[in-house]
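Source file: run.txt (compact mmCIF, C-alpha atoms)
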# COMPACT_ATOMS: atom_id res chain seq x y z
CA MET J 1 236.64 59.00 -196.07
CA SER J 2 233.71 56.74 -195.32
CA SER J 3 231.30 55.17 -197.83
CA LEU J 4 227.62 55.21 -196.92
CA TRP J 5 224.28 55.24 -198.71
CA GLY J 6 225.59 53.91 -202.03
CA ASP J 7 227.04 56.82 -204.03
CA ILE J 8 226.88 59.23 -201.04
CA HIS J 9 230.02 59.42 -198.93
CA PHE J 10 231.18 61.78 -196.16
CA GLN J 11 234.37 63.81 -196.18
CA ASN J 12 234.38 64.37 -192.37
CA PRO J 13 232.54 61.38 -190.82
CA VAL J 14 234.07 62.06 -187.37
CA PHE J 15 231.33 64.66 -186.78
CA PHE J 16 228.81 61.82 -186.52
CA LEU J 17 230.11 61.32 -182.98
CA LEU J 18 228.13 64.44 -182.08
CA LEU J 19 224.93 62.44 -182.64
CA LEU J 20 225.73 60.59 -179.40
CA ALA J 21 224.70 63.76 -177.58
CA ILE J 22 221.04 63.20 -178.51
CA PRO J 23 220.42 60.15 -176.29
CA LEU J 24 222.46 61.78 -173.49
CA ILE J 25 220.28 64.88 -173.61
CA LEU J 26 217.12 62.77 -173.62
CA PHE J 27 218.36 60.82 -170.63
CA TRP J 28 219.14 64.01 -168.77
CA LYS J 29 215.78 65.58 -169.63
CA TRP J 30 213.48 62.66 -168.85
CA TYR J 31 215.30 60.72 -166.11
CA LYS J 32 217.28 63.33 -164.24
CA LYS J 33 215.30 65.64 -162.00
CA PRO J 34 216.22 69.33 -162.17
CA GLU J 35 218.00 70.65 -159.11
CA GLY J 36 215.73 72.40 -156.65
CA SER J 37 212.63 70.52 -157.77
CA ALA J 38 210.26 69.44 -155.03
CA ASN J 39 207.40 67.00 -154.70
CA PHE J 40 204.14 67.77 -153.04
CA THR J 41 201.05 65.68 -152.47
CA ILE J 42 197.52 66.61 -153.51
CA SER J 43 194.71 64.74 -151.84
CA ASP J 44 192.32 64.97 -154.78
CA LEU J 45 192.84 65.73 -158.48
CA HIS J 46 189.12 66.20 -159.08
CA GLY J 47 188.45 69.51 -160.74
CA LEU J 48 191.93 69.92 -162.16
CA GLY J 49 191.01 68.11 -165.36
CA THR J 50 192.60 64.97 -166.72
CA SER J 51 192.58 65.60 -170.47
CA SER J 52 195.39 67.61 -171.98
CA SER J 53 194.68 70.39 -174.47
CA LEU J 54 195.64 70.29 -178.13
CA ARG J 55 198.24 72.95 -177.45
CA SER J 56 199.94 70.90 -174.77
CA ARG J 57 199.95 67.81 -176.99
CA LEU J 58 201.54 69.76 -179.83
CA ARG J 59 204.44 70.80 -177.62
CA ILE J 60 206.04 67.44 -178.40
CA LEU J 61 206.87 69.00 -181.80
CA ILE J 62 209.40 71.34 -180.17
CA PRO J 63 211.91 68.67 -179.02
CA ILE J 64 211.31 66.69 -182.24
CA CYS J 65 212.16 69.71 -184.41
CA ARG J 66 215.17 70.43 -182.21
CA ALA J 67 216.50 66.85 -182.48
CA ILE J 68 215.97 66.60 -186.25
CA ALA J 69 217.55 70.02 -186.82
CA TYR J 70 220.54 69.05 -184.71
CA SER J 71 220.94 65.78 -186.68
CA LEU J 72 220.74 67.57 -190.03
CA LEU J 73 223.37 70.11 -188.95
CA VAL J 74 225.67 67.28 -187.85
CA ILE J 75 225.22 65.60 -191.26
CA ALA J 76 226.01 68.92 -192.95
CA MET J 77 229.23 69.22 -190.91
CA ALA J 78 230.16 65.67 -191.97
CA ARG J 79 230.15 67.10 -195.51
CA PRO J 80 228.15 64.62 -197.63
CA GLN J 81 229.26 64.29 -201.24
CA LEU J 82 227.61 62.56 -204.18
CA THR J 83 229.97 60.52 -206.33
CA LEU J 84 229.35 61.07 -210.03
CA LYS J 85 230.97 58.31 -212.08
CA GLU J 86 231.90 58.50 -215.72
CA GLU J 87 233.05 55.45 -217.66
CA GLU J 88 235.32 55.46 -220.65
CA VAL J 89 234.95 52.10 -222.35
CA LYS J 90 237.50 50.73 -224.78
CA ALA J 91 236.25 47.42 -226.12
CA GLU J 92 236.09 45.36 -229.27
CA GLY J 93 232.38 44.76 -228.91
CA ILE J 94 230.54 41.79 -230.33
CA ASP J 95 227.77 42.45 -232.86
CA ILE J 96 224.90 40.04 -232.21
CA MET J 97 221.70 39.34 -234.13
CA LEU J 98 218.88 37.51 -232.38
CA ILE J 99 216.71 35.53 -234.82
CA MET J 100 213.29 34.65 -233.43
CA ASP J 101 210.76 32.19 -234.89
CA LEU J 102 207.22 33.65 -234.96
CA SER J 103 205.44 30.69 -236.56
CA SER J 104 202.15 29.68 -234.92
CA SER J 105 203.76 26.61 -233.34
CA MET J 106 205.64 28.98 -231.00
CA LEU J 107 202.33 29.26 -229.11
CA ALA J 108 202.61 25.61 -228.01
CA LYS J 109 201.89 25.08 -224.33
CA ASP J 110 204.83 22.81 -223.44
CA PHE J 111 206.40 25.99 -221.96
CA GLU J 112 204.47 28.15 -219.48
CA PRO J 113 202.56 30.07 -220.78
CA ASP J 114 203.95 29.27 -224.25
CA ARG J 115 207.23 28.93 -226.13
CA LEU J 116 207.25 32.47 -227.51
CA SER J 117 206.64 34.19 -224.17
CA VAL J 118 209.42 32.24 -222.49
CA SER J 119 211.79 32.78 -225.42
CA LYS J 120 211.22 36.55 -225.31
CA GLN J 121 211.77 36.72 -221.57
CA VAL J 122 215.00 34.70 -221.64
CA ALA J 123 216.30 36.73 -224.60
CA GLN J 124 215.68 39.97 -222.70
CA THR J 125 217.69 38.66 -219.76
CA PHE J 126 220.50 37.79 -222.17
CA VAL J 127 220.45 41.31 -223.60
CA ASP J 128 220.78 42.78 -220.10
CA LYS J 129 224.04 40.89 -219.61
CA ARG J 130 225.59 42.20 -222.85
CA GLN J 131 226.02 45.78 -221.70
CA TYR J 132 228.69 46.82 -224.20
CA ASP J 133 227.57 44.83 -227.27
CA ARG J 134 225.52 45.97 -230.23
CA ILE J 135 222.48 43.72 -230.66
CA GLY J 136 219.76 43.53 -233.29
CA LEU J 137 216.63 41.43 -233.90
CA ALA J 138 215.36 39.57 -236.96
CA VAL J 139 212.10 37.59 -237.03
CA PHE J 140 210.72 34.97 -239.36
CA ALA J 141 207.75 32.71 -239.99
CA GLY J 142 206.77 32.07 -243.62
CA GLU J 143 208.78 35.21 -244.47
CA SER J 144 211.35 37.32 -242.64
CA PHE J 145 212.40 40.89 -241.87
CA THR J 146 214.63 42.86 -239.52
CA GLN J 147 212.60 43.97 -236.50
CA CYS J 148 215.40 46.02 -234.93
CA PRO J 149 218.75 46.98 -236.55
CA ILE J 150 221.95 46.41 -234.58
CA THR J 151 222.04 48.98 -231.79
CA THR J 152 223.55 49.79 -228.41
CA ASP J 153 220.14 51.07 -227.25
CA HIS J 154 219.12 47.89 -225.46
CA ARG J 155 216.01 49.55 -224.06
CA ILE J 156 214.41 49.90 -227.49
CA LEU J 157 215.57 46.41 -228.45
CA LYS J 158 213.85 44.92 -225.39
CA THR J 159 210.69 46.84 -226.31
CA PHE J 160 210.71 45.22 -229.75
CA LEU J 161 211.23 41.82 -228.13
CA GLU J 162 208.35 42.37 -225.75
CA ASN J 163 205.97 43.28 -228.58
CA LEU J 164 206.66 40.20 -230.72
CA GLU J 165 203.54 38.16 -231.51
CA CYS J 166 202.69 35.18 -233.65
CA GLY J 167 200.59 36.22 -236.63
CA MET J 168 202.74 39.25 -237.51
CA LEU J 169 203.95 37.34 -240.56
CA GLU J 170 202.53 34.78 -242.96
CA ASP J 171 202.65 31.43 -241.16
CA GLY J 172 205.38 28.92 -241.93
CA THR J 173 209.01 28.30 -240.96
CA ALA J 174 211.50 29.97 -243.28
CA ILE J 175 214.72 29.29 -241.37
CA GLY J 176 216.91 30.22 -244.34
CA MET J 177 215.14 33.57 -244.75
CA GLY J 178 215.50 34.39 -241.06
CA LEU J 179 219.21 33.62 -241.05
CA ALA J 180 219.75 35.52 -244.31
CA SER J 181 218.08 38.66 -242.87
CA ALA J 182 220.36 38.57 -239.85
CA VAL J 183 223.50 37.87 -241.88
CA ASN J 184 222.69 40.76 -244.18
CA ARG J 185 222.65 43.11 -241.18
CA LEU J 186 225.86 41.68 -239.74
CA LYS J 187 227.57 42.05 -243.12
CA GLU J 188 227.22 45.83 -242.75
CA SER J 189 228.42 45.95 -239.13
CA GLU J 190 231.93 47.04 -238.14
CA GLY J 191 232.34 44.66 -235.19
CA ASN J 192 235.40 42.43 -235.12
CA SER J 193 233.24 39.56 -233.88
CA LYS J 194 229.83 38.74 -235.33
CA VAL J 195 227.34 36.30 -233.83
CA ALA J 196 223.83 35.15 -234.75
CA ILE J 197 221.54 33.27 -232.35
CA LEU J 198 218.76 31.48 -234.24
CA LEU J 199 215.83 30.10 -232.24
CA THR J 200 213.17 27.91 -233.87
CA ASP J 201 210.78 25.10 -233.01
CA GLY J 202 210.11 23.58 -236.41
CA VAL J 203 211.24 22.31 -239.77
CA ASN J 204 212.14 24.58 -242.68
CA ASN J 205 209.12 24.60 -244.99
CA ALA J 206 209.01 28.08 -246.56
CA GLY J 207 211.13 30.81 -248.10
CA TYR J 208 213.22 31.01 -251.25
CA ILE J 209 216.63 30.88 -249.52
CA LYS J 210 217.81 27.47 -248.34
CA PRO J 211 219.09 27.37 -244.74
CA MET J 212 222.49 25.95 -245.73
CA THR J 213 222.87 28.61 -248.39
CA ALA J 214 222.37 31.26 -245.72
CA ALA J 215 224.82 29.39 -243.48
CA GLU J 216 227.46 29.44 -246.23
CA ILE J 217 227.03 33.20 -246.61
CA ALA J 218 227.35 33.57 -242.82
CA LYS J 219 230.57 31.57 -242.85
CA GLU J 220 231.97 33.64 -245.71
CA ILE J 221 231.58 36.94 -243.86
CA GLY J 222 232.69 35.53 -240.50
CA VAL J 223 229.35 35.17 -238.68
CA LYS J 224 229.26 32.46 -236.02
CA VAL J 225 225.76 30.98 -235.72
CA TYR J 226 224.36 29.41 -232.56
CA THR J 227 221.13 27.50 -233.17
CA ILE J 228 218.50 26.62 -230.59
CA GLY J 229 215.70 24.09 -231.07
CA VAL J 230 212.94 24.90 -228.57
CA GLY J 231 210.26 22.37 -227.68
CA THR J 232 209.68 19.34 -225.50
CA LEU J 233 210.18 15.74 -226.61
CA GLY J 234 207.12 13.90 -227.90
CA ASN J 235 203.77 15.70 -228.17
CA ALA J 236 202.60 19.12 -227.03
CA ILE J 237 199.40 21.16 -227.05
CA SER J 238 199.90 23.33 -230.14
CA PRO J 239 197.85 25.36 -232.64
CA VAL J 240 196.37 22.98 -235.19
CA SER J 241 194.16 25.43 -237.10
CA ARG J 242 192.97 29.02 -237.09
CA ARG J 243 189.41 30.34 -237.08
CA SER J 244 188.09 33.11 -239.30
CA ASP J 245 188.27 35.55 -236.38
CA GLY J 246 192.02 34.92 -236.04
CA ARG J 247 191.89 32.77 -232.92
CA TYR J 248 193.93 29.57 -232.84
CA VAL J 249 192.45 26.13 -232.24
CA PHE J 250 194.71 23.97 -230.06
CA GLY J 251 195.21 20.22 -230.04
CA MET J 252 197.88 17.62 -229.40
CA ALA J 253 200.62 17.66 -232.05
CA LYS J 254 203.98 16.00 -232.45
CA VAL J 255 207.00 18.21 -231.77
CA GLU J 256 209.11 18.19 -234.92
CA ILE J 257 212.44 20.04 -234.99
CA ASP J 258 215.00 19.55 -237.74
CA GLU J 259 217.89 19.07 -235.32
CA LYS J 260 220.18 17.72 -238.02
CA LEU J 261 219.80 20.88 -240.07
CA LEU J 262 220.28 23.17 -237.07
CA ASP J 263 223.39 21.26 -236.06
CA GLU J 264 224.83 21.52 -239.59
CA ILE J 265 224.19 25.28 -239.71
CA ALA J 266 225.93 25.79 -236.36
CA LYS J 267 228.94 23.57 -237.06
CA SER J 268 229.53 25.00 -240.53
CA THR J 269 229.94 28.49 -239.05
CA GLY J 270 231.91 27.53 -235.94
CA GLY J 271 228.91 27.74 -233.65
CA LYS J 272 226.98 25.18 -231.64
CA TYR J 273 223.50 23.62 -231.62
CA PHE J 274 221.41 23.43 -228.44
CA ARG J 275 218.08 21.77 -227.62
CA ALA J 276 215.84 23.51 -225.09
CA THR J 277 213.17 21.21 -223.70
CA SER J 278 212.22 23.50 -220.79
CA GLU J 279 212.46 27.10 -219.65
CA GLN J 280 215.32 26.22 -217.30
CA LYS J 281 217.23 24.52 -220.13
CA LEU J 282 216.73 27.56 -222.38
CA GLU J 283 218.10 29.83 -219.65
CA GLN J 284 221.15 27.57 -219.32
CA ILE J 285 221.71 27.70 -223.09
CA TYR J 286 221.76 31.50 -223.18
CA GLU J 287 224.07 31.51 -220.15
CA GLU J 288 226.47 29.19 -221.99
CA ILE J 289 226.39 31.37 -225.10
CA ASP J 290 227.05 34.37 -222.87
CA ARG J 291 230.14 32.62 -221.47
CA LEU J 292 231.36 31.52 -224.90
CA GLU J 293 231.09 35.01 -226.38
CA LYS J 294 232.76 37.21 -223.76
CA THR J 295 234.07 40.64 -224.72
CA GLU J 296 237.44 42.02 -223.59
CA ILE J 297 236.58 45.36 -222.01
CA ASP J 298 238.91 48.11 -220.81
CA VAL J 299 236.93 50.41 -218.54
CA THR J 300 238.40 53.61 -217.09
CA VAL J 301 236.29 55.16 -214.33
CA PHE J 302 236.45 58.89 -213.63
CA LYS J 303 234.92 60.21 -210.41
CA ARG J 304 233.58 63.68 -209.69
CA TYR J 305 232.07 64.81 -206.42
CA SER J 306 229.04 67.01 -205.86
CA GLU J 307 228.75 68.79 -202.49
CA GLU J 308 225.42 67.94 -200.88
CA PHE J 309 225.79 69.52 -197.40
CA ARG J 310 223.82 72.64 -198.38
CA LYS J 311 220.54 70.70 -198.47
CA PHE J 312 221.03 69.40 -194.93
CA LEU J 313 222.18 72.82 -193.71
CA PHE J 314 219.10 74.52 -195.20
CA TRP J 315 216.60 72.10 -193.66
CA GLY J 316 218.44 72.12 -190.33
CA ILE J 317 218.30 75.92 -190.07
CA LEU J 318 214.67 75.94 -191.23
CA LEU J 319 213.69 73.50 -188.46
CA LEU J 320 215.55 75.60 -185.89
CA VAL J 321 213.53 78.63 -187.00
CA ILE J 322 210.29 76.61 -186.76
CA GLU J 323 211.33 75.36 -183.30
CA PHE J 324 212.02 78.95 -182.18
CA ILE J 325 208.62 80.17 -183.40
CA LEU J 326 206.80 77.28 -181.75
CA SER J 327 208.57 77.52 -178.39
CA HIS J 328 208.53 81.34 -178.08
CA PHE J 329 205.23 82.24 -179.73
CA LEU J 330 202.70 79.62 -180.90
CA LEU J 331 203.29 77.01 -178.18
CA ARG J 332 204.90 79.24 -175.57
CA LYS J 333 204.78 77.83 -172.07
CA ILE J 334 204.01 80.30 -169.29
CA PRO J 335 205.65 79.35 -165.95
Show me the file's structure as structure tokens.
Amino acid sequence: MSSLWGDIHFQNPVFFLLLLAIPLILFWKWYKKPEGSANFTISDLHGLGTSSSLRSRLRILIPICRAIAYSLLVIAMARPQLTLKEEEVKAEGIDIMLIMDLSSSMLAKDFEPDRLSVSKQVAQTFVDKRQYDRIGLAVFAGESFTQCPITTDHRILKTFLENLECGMLEDGTAIGMGLASAVNRLKESEGNSKVAILLTDGVNNAGYIKPMTAAEIAKEIGVKVYTIGVGTLGNAISPVSRRSDGRYVFGMAKVEIDEKLLDEIAKSTGGKYFRATSEQKLEQIYEEIDRLEKTEIDVTVFKRYSEEFRKFLFWGILLLVIEFILSHFLLRKIP
């Protein structure tokens, strides 16, 4: 059995040796003179015409149809089969809540094009790697809510991530509220391992739940929190005010992240704090979290085979019929 074309394989690949006949036939036809053929010399070709007719030019279709039909019939004899795989997954999946900061400072230009765009993109890549985990999304600014409940439908989760925008919530940085929203969702989950990944670029300045209070609740129900501070060191071009039409006014502003608080939240729950000063660093952080939170997966693969030779047989016979009609009727050559 030979594997070709991805999930297509051939039960009888030895028949492909018959394809070697095609170049042999072409060699015989074009380079070997027929027996009994003779050459004769004409002194002048004037009057015989030098341009070939449309009918004579179309005769090239006859050997082409014949060769393609022959190839298709050989493929049919090789018996192509499509492998249909079914997976039975037995895993103690990890339930993960992504917590994304949507405060206006996430539009700062120290990342290209801005912190939020890069954070969404890197988070989507992370989701793609967690094939068997249930993942949800909570967002916060001056307030917080669950954008997407924990789900195995990663396609819809990535759609929610893609559509995140600053300005969806009242401005501010309610870190405690964001963490509390995620923890509340994880409290209801049935996963044996629960993880929250909190990404922010500021200092807690809003909300009625203190960040450490939310961290204590997370610890109590067994949620491990990884915190990420995103933003360069020093100053960055950031929103400094907002016009009446909703557009942000940008200016240089100092990057302020409460790293001490984020570190305390992470350590108190058994997690880890990271600082992302660039897109590359943020990618590395998610890769490290991915390595730290691996899932033990038992995958059993069942294979079924679908016979595909009928398609090749049908088109091969059809081309033979077309070749017969062309050579004996439409493009018939009179000796």
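Atom pair atom CA of J:His9 / atom CA of J:Ala78: separated by 9.4 Å.
The shell of residues at most 10 Å from J:Glu279, with only C-alpha atoms counted and near chain neighbours (fewer than 2 positions) removed, consists of Asp110, Phe111, Glu112, Asp114, Arg115, Val118, Ser119, Gln121, Val122, Val230, Gly231, Ala276, Thr277, Lys281, Leu282, Glu283, Gln284 and Ile285 of chain J.
For the pair atom CA of J:Glu170 and atom CA of J:Leu98, the interatomic distance is 19.7 Å.
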- Exercise: stretch 200-214 of chain J partners within 7 Å, only C-alpha atoms, chain neighbours under 6 positions left out, as a ChimeraX atom specification: /J:100-101,106,142-143,172-177,179-180,228-231,256-258,265
Neighbouring residues of J:Ser105 were defined as those with any atom within 7 Å, considering all atoms listed in the file; residues of the same chain fewer than 3 positions away were excluded. Please report them as a PyMOL selection string.
chain J and resi 108+238-239
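Relative to atom CA of J:Phe10, atom CA of J:Leu82 is found at 8.8 Å.
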For J:Thr269, the closest of J:Met252, J:Arg247, J:Lys194, J:Leu331 counting only C-alpha atoms is J:Lys194
Counting all atoms listed in the file, closest pick from J:Ile237, J:Tyr286, J:Tyr132, J:Ile60 relative to J:Lys120 is J:Tyr286
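Shortest separation to J:Gly222 among J:Ser189, J:Arg59, J:Phe312, J:Leu169 occurs at residue J:Ser189, atoms counted being only C-alpha atoms.
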J:Ile322 environment, 12 Å, all atoms listed in the file, sequence neighbours closer than 4 positions dropped, as a PyMOL selection string
chain J and resi 61-66+68-69+315-318+326-331
Taking C-alpha atoms for each residue, export the selection above as a compact mmCIF listing (two decimals), in the frame of the given file.
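Heads up, here's the output in again_14.txt:
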# COMPACT_ATOMS: atom_id res chain seq x y z
CA LEU J 61 206.87 69.00 -181.80
CA ILE J 62 209.40 71.34 -180.17
CA PRO J 63 211.91 68.67 -179.02
CA ILE J 64 211.31 66.69 -182.24
CA CYS J 65 212.16 69.71 -184.41
CA ARG J 66 215.17 70.43 -182.21
CA ILE J 68 215.97 66.60 -186.25
CA ALA J 69 217.55 70.02 -186.82
CA TRP J 315 216.60 72.10 -193.66
CA GLY J 316 218.44 72.12 -190.33
CA ILE J 317 218.30 75.92 -190.07
CA LEU J 318 214.67 75.94 -191.23
CA LEU J 326 206.80 77.28 -181.75
CA SER J 327 208.57 77.52 -178.39
CA HIS J 328 208.53 81.34 -178.08
CA PHE J 329 205.23 82.24 -179.73
CA LEU J 330 202.70 79.62 -180.90
CA LEU J 331 203.29 77.01 -178.18
*asked:* Within 8 Å of (224.8, 69.6, -191.3) in the file's own coordinates, which protein, DNA or RNA residues have an atom, counting all atoms listed in the file? List them as a PyMOL selection string.
replied: chain J and resi 70-79+309-310+312-313+316
Selection export as a PDB file, in the coordinates of the input, atoms kept: C-alpha atoms:
ATOM      1  CA  TYR J  70     220.540  69.050-184.710  1.00  0.00           C
ATOM      2  CA  SER J  71     220.940  65.780-186.680  1.00  0.00           C
ATOM      3  CA  LEU J  72     220.740  67.570-190.030  1.00  0.00           C
ATOM      4  CA  LEU J  73     223.370  70.110-188.950  1.00  0.00           C
ATOM      5  CA  VAL J  74     225.670  67.280-187.850  1.00  0.00           C
ATOM      6  CA  ILE J  75     225.220  65.600-191.260  1.00  0.00           C
ATOM      7  CA  ALA J  76     226.010  68.920-192.950  1.00  0.00           C
ATOM      8  CA  MET J  77     229.230  69.220-190.910  1.00  0.00           C
ATOM      9  CA  ALA J  78     230.160  65.670-191.970  1.00  0.00           C
ATOM     10  CA  ARG J  79     230.150  67.100-195.510  1.00  0.00           C
ATOM     11  CA  PHE J 309     225.790  69.520-197.400  1.00  0.00           C
ATOM     12  CA  ARG J 310     223.820  72.640-198.380  1.00  0.00           C
ATOM     13  CA  PHE J 312     221.030  69.400-194.930  1.00  0.00           C
ATOM     14  CA  LEU J 313     222.180  72.820-193.710  1.00  0.00           C
ATOM     15  CA  GLY J 316     218.440  72.120-190.330  1.00  0.00           C
TER      16      GLY J 316
END
